Amino acid sequence: MPDVRDGLRDGLRSALEGAGVDGAPAEIAIERPRDRSHGEWSSNVALAAAKAAGRPPRELAEQIVAHLSVQPPPHVVTVEAAGPGFVNFRLAPSWLHEVLGAVIDAGVDGYARSTEGAGRSVSVEFVSANPTGPLHAGHGRWAAYGDSLCRLLERCGYAVCREFYVNDRGRQIDLFTASLEARSRGAEPADDGYHGTYVAEWAAEMPDAAEVRRWGLERAHRDQAETLAAMNVSFDLYTSESELVARGAMGEALHELGSRGMVYENDGAVWLRTGDFGDSADRVLVKSDGEPTYFLPDIAYHHEKFSRGDLVIDILGADHHGYVPRMRAALGALGHPPDGYETLIGQNVTLRRGGAEVRLSKRAGDMVLVADLIDEVGPDVTRLVYLLQSIDTTQTIDVDVVSAQSAENPVYYVQYAHARIHSLGRMAAARDVQRAPLDDVDLSVLVHERELDVLRALASLPDTVVAATRARAPHQVTNWARELAAAFHRFWHDCPILRDDVDQELRQARLWLVEGARVGLAVALGILGVSAPERL
RNA sequence: GCCCUCGUAGCUCAGUGGAUAGAGCAUCGGUCUCCUAAACCGUGUGCGCAGGUUCGAUUCCUGCCGGGGGCACCA
């Protein structure tokens, strides 16, 4: 894929040589200046290399400019030194026409794809909700975030395994089973049981002959899987904790930890020396009553995950972050390298409805389900709303705003751009306007600022995808989609395409620009897992 | 007390080791005989506070203040 920066970099490198600078930095940074009046691209090499060159940055920048001006890199119109020592490049629009060609050539499958993860595998665990009830609005955030992160990783060449851990044994399951059974008898669950209305509903569905525990687990799993499917999220692997224990994986992990001298007994319990590996204290693996804690099978599970990924990622809610040091310690005790395990901690989600916060509590029963949100606003809006913000921020979803068919709702802005593109296609078909082959179309007529802004946005998508992947930040793709939509709406407003007074050449070029925008938007929405409507 | 995280415009949030920090909403005012006005155009005294590193810090480091979360032989 052609990148205009390669030419700029080559030019800067030889200009540095020409200026007699030996210690040129290996990586020459070329960025888009915030202020458009500074040109299309800018480099800080003069600032970075000033020390090695032994002269003031501004002076070095001017020398670089003098050399570059003799034989400018491709597309470059002017080079100038500016500010404290930046080298600014002004480019002819041809560089953007080249971008459009590349977008069209690569298409939705190929554009903004990276090979930086090629040959690497990664296991990503997310959601992993207990099989004791439906997914609440908090789970929805991890579903949307985790799946879109996986899509980003895949677009960058990683082989991804989406994992869901089913914690289907232990005390919570006992309580859930007992609650279900109580409801089926028409009784109230115990105080520490599950009181959600869904428990009663499920109990009413349950056949008399059903084995309550198994039936309940399956019912919860089915409910969760349906919600996830509605959100366009699917997992490659569900791992059942009880099966993991049954097939001996837990015992093997315990044995391995023991053989490494990491385990000891105290007060009748079996402890792991996590304190020696950065945790604040040692942790219990097997309780004094002989029952393993949640921790031990989870260690076995994580141990296994390294066979599926060079990199193992856990996506956790902030309420579980305290768990990270002990897992990290346990994996260290098993000999796994520290940088092979990555935890992404997301802040909580709250919902607001009618101006008041809705509390999320599974046992109290007063909660907002992802399924409810999907019913109210649809799966695409639900998913996009989750991906509007960084997971570092506590998110408050105002259901009234998100469900409103109004301009306050940020989702429609992007959807409308998509709908307009398809609307154009329908109108073109109605008027029997065909798009000529790209090779026969002269893109150089695209010189309107509105046109160029759309192309600039398209040009930035590959960088956005790589940056969002590295930062584990799918919301950056959402921001890009909003930017592209903004550029597209402005273009649409100012640049007619099918109107009779539009020149044929220009119309053809604009049709291809619209196609480029469609490709870019499709790539972004694909990463976000959102399907935009073809009409609103 | 210790750990994690956040603090940017009236509100909800982006953003970056660089040059004059952005968007949406809200406010006020414009734009449909014109490919859908769910759109476009105009309207802004803001990086919690104090140090440090740096040629350059809103960004990195330390401390403080404030919000949220976590510190089990629960999961």
# chains A, B, ... in the order shown; residues from 1 in each chain; ligands from 1

call {"tool": "interface_residues", "arguments": {"of": "chain B", "to": "chain A", "cutoff": "12 Å", "atoms": "only C-alpha atoms (C1' of nucleotides)", "output": "VMD selection string"}}
result
chain B and resid 2 to 7 11 to 26 31 to 32 34 to 41 54 to 56 67 to 75

call {"tool": "select_by_dssp", "arguments": {"residues": "range 308-531 of chain A", "states": "helix (DSSP H, G or I)", "output": "PyMOL selection string"}}
result
chain A and resi 318-333+338-340+370-377+379-386+399-403+410-430+438-440+443-445+449-470+475-494+504-528

call {"tool": "atom_distance", "arguments": {"atom1": "CA of Val349 in chain A", "atom2": "CA of Gly138 in chain A"}}
result
5.2 Å

call {"tool": "atom_distance", "arguments": {"atom1": "CA of Ala182 in chain A", "atom2": "CA of Glu205 in chain A"}}
result
13.6 Å

call {"tool": "residues_around", "arguments": {"residues": "Tyr158 in chain A", "least_positions_apart": "2", "cutoff": "6 Å", "atoms": "only C-alpha atoms (C1' of nucleotides)", "output": "list of chain:residue names"}}
result
A:Gly117, A:Ala118, A:Arg120, A:Ser121, A:Leu153, A:Glu154, A:Cys156, A:Val160

call {"tool": "select_by_dssp", "arguments": {"residues": "range 13-179 of chain A", "states": "strand (DSSP E)", "output": "ChimeraX atom specification"}}
result
/A:30-31,41-43,76-82,86-91,121-125,159-166

call {"tool": "residues_around", "arguments": {"residues": "range 439-449 of chain A", "least_positions_apart": "3", "cutoff": "9 Å", "atoms": "only C-alpha atoms (C1' of nucleotides)", "output": "list in words"}}
result
Pro93, Ser94, His97, Glu98, Leu100, Gly101, Ala436, Leu452, Asp453, Val454, Phe491, Cys495, Glu505, Leu506, Gln508, Ala509, Arg510, Trp512 and Leu513 of chain A

call {"tool": "decode", "arguments": {"residues": "range 470-498 of chain A", "atoms": "N, CA, C and O atoms", "output": "CSV table (one decimal), in the first residue's frame"}}
result
chain,number,residue,atom,x,y,z
A,470,ARG,N,-3.2,-1.1,19.2
A,470,ARG,CA,-2.1,-1.0,20.2
A,470,ARG,C,-2.6,-0.5,21.5
A,470,ARG,O,-2.1,-0.9,22.6
A,471,ALA,N,-3.5,0.5,21.4
A,471,ALA,CA,-4.0,1.1,22.6
A,471,ALA,C,-5.1,0.3,23.2
A,471,ALA,O,-5.7,0.7,24.3
A,472,ARG,N,-5.5,-0.8,22.6
A,472,ARG,CA,-6.7,-1.6,23.0
A,472,ARG,C,-7.9,-0.7,23.2
A,472,ARG,O,-8.6,-0.7,24.2
A,473,ALA,N,-8.1,0.1,22.2
A,473,ALA,CA,-9.1,1.2,22.3
A,473,ALA,C,-10.0,1.3,21.1
A,473,ALA,O,-9.8,2.1,20.2
A,474,PRO,N,-11.0,0.3,21.0
A,474,PRO,CA,-11.9,0.4,19.9
A,474,PRO,C,-12.6,1.7,19.7
A,474,PRO,O,-13.1,2.0,18.6
A,475,HIS,N,-12.8,2.4,20.8
A,475,HIS,CA,-13.6,3.7,20.7
A,475,HIS,C,-12.9,4.7,19.7
A,475,HIS,O,-13.5,5.6,19.2
A,476,GLN,N,-11.6,4.5,19.5
A,476,GLN,CA,-10.9,5.3,18.6
A,476,GLN,C,-11.5,5.1,17.1
A,476,GLN,O,-11.5,6.0,16.3
A,477,VAL,N,-11.9,3.9,16.9
A,477,VAL,CA,-12.5,3.6,15.6
A,477,VAL,C,-13.9,4.3,15.5
A,477,VAL,O,-14.3,4.8,14.4
A,478,THR,N,-14.6,4.3,16.6
A,478,THR,CA,-15.9,5.0,16.6
A,478,THR,C,-15.7,6.5,16.3
A,478,THR,O,-16.4,7.1,15.6
A,479,ASN,N,-14.6,7.1,17.0
A,479,ASN,CA,-14.3,8.5,16.7
A,479,ASN,C,-14.0,8.7,15.2
A,479,ASN,O,-14.4,9.7,14.6
A,480,TRP,N,-13.3,7.8,14.7
A,480,TRP,CA,-12.9,7.9,13.2
A,480,TRP,C,-14.2,7.9,12.4
A,480,TRP,O,-14.4,8.7,11.5
A,481,ALA,N,-15.1,7.0,12.7
A,481,ALA,CA,-16.3,6.9,12.0
A,481,ALA,C,-17.1,8.2,12.1
A,481,ALA,O,-17.8,8.6,11.1
A,482,ARG,N,-17.1,8.8,13.2
A,482,ARG,CA,-17.8,10.1,13.4
A,482,ARG,C,-17.2,11.1,12.6
A,482,ARG,O,-17.8,12.0,12.0
A,483,GLU,N,-15.8,11.1,12.5
A,483,GLU,CA,-15.1,12.1,11.7
A,483,GLU,C,-15.4,11.9,10.3
A,483,GLU,O,-15.7,12.9,9.5
A,484,LEU,N,-15.4,10.7,9.8
A,484,LEU,CA,-15.7,10.4,8.4
A,484,LEU,C,-17.1,10.9,8.1
A,484,LEU,O,-17.4,11.5,7.1
A,485,ALA,N,-18.0,10.6,9.0
A,485,ALA,CA,-19.4,11.0,8.8
A,485,ALA,C,-19.5,12.5,8.7
A,485,ALA,O,-20.2,13.0,7.8
A,486,ALA,N,-18.8,13.2,9.5
A,486,ALA,CA,-18.9,14.6,9.5
A,486,ALA,C,-18.3,15.1,8.2
A,486,ALA,O,-18.9,16.0,7.5
A,487,ALA,N,-17.2,14.6,7.7
A,487,ALA,CA,-16.6,15.0,6.5
A,487,ALA,C,-17.6,14.7,5.3
A,487,ALA,O,-17.7,15.5,4.4
A,488,PHE,N,-18.2,13.6,5.4
A,488,PHE,CA,-19.1,13.2,4.4
A,488,PHE,C,-20.4,14.0,4.3
A,488,PHE,O,-20.8,14.5,3.2
A,489,HIS,N,-20.9,14.4,5.4
A,489,HIS,CA,-22.1,15.2,5.5
A,489,HIS,C,-21.8,16.6,4.9
A,489,HIS,O,-22.6,17.2,4.1
A,490,ARG,N,-20.6,17.1,5.2
A,490,ARG,CA,-20.2,18.4,4.6
A,490,ARG,C,-20.0,18.4,3.1
A,490,ARG,O,-20.4,19.3,2.4
A,491,PHE,N,-19.4,17.3,2.7
A,491,PHE,CA,-19.2,17.1,1.3
A,491,PHE,C,-20.6,17.0,0.6
A,491,PHE,O,-20.8,17.6,-0.4
A,492,TRP,N,-21.5,16.2,1.2
A,492,TRP,CA,-22.8,16.0,0.6
A,492,TRP,C,-23.5,17.3,0.5
A,492,TRP,O,-24.2,17.6,-0.5
A,493,HIS,N,-23.4,18.2,1.5
A,493,HIS,CA,-24.1,19.4,1.5
A,493,HIS,C,-23.6,20.4,0.4
A,493,HIS,O,-24.3,21.1,-0.3
A,494,ASP,N,-22.3,20.4,0.2
A,494,ASP,CA,-21.7,21.3,-0.7
A,494,ASP,C,-21.4,20.8,-2.1
A,494,ASP,O,-21.1,21.6,-3.0
A,495,CYS,N,-21.3,19.5,-2.3
A,495,CYS,CA,-20.9,19.0,-3.6
A,495,CYS,C,-21.9,18.1,-4.2
A,495,CYS,O,-22.0,16.9,-3.9
A,496,PRO,N,-22.8,18.6,-5.1
A,496,PRO,CA,-23.8,17.8,-5.7
A,496,PRO,C,-23.2,16.8,-6.7
A,496,PRO,O,-22.1,17.0,-7.2
A,497,ILE,N,-23.8,15.7,-6.9
A,497,ILE,CA,-23.3,14.6,-7.7
A,497,ILE,C,-24.1,14.3,-8.9
A,497,ILE,O,-23.7,14.3,-10.0
A,498,LEU,N,-25.4,14.1,-8.6
A,498,LEU,CA,-26.3,13.6,-9.7
A,498,LEU,C,-27.1,14.8,-10.3
A,498,LEU,O,-27.8,14.6,-11.3
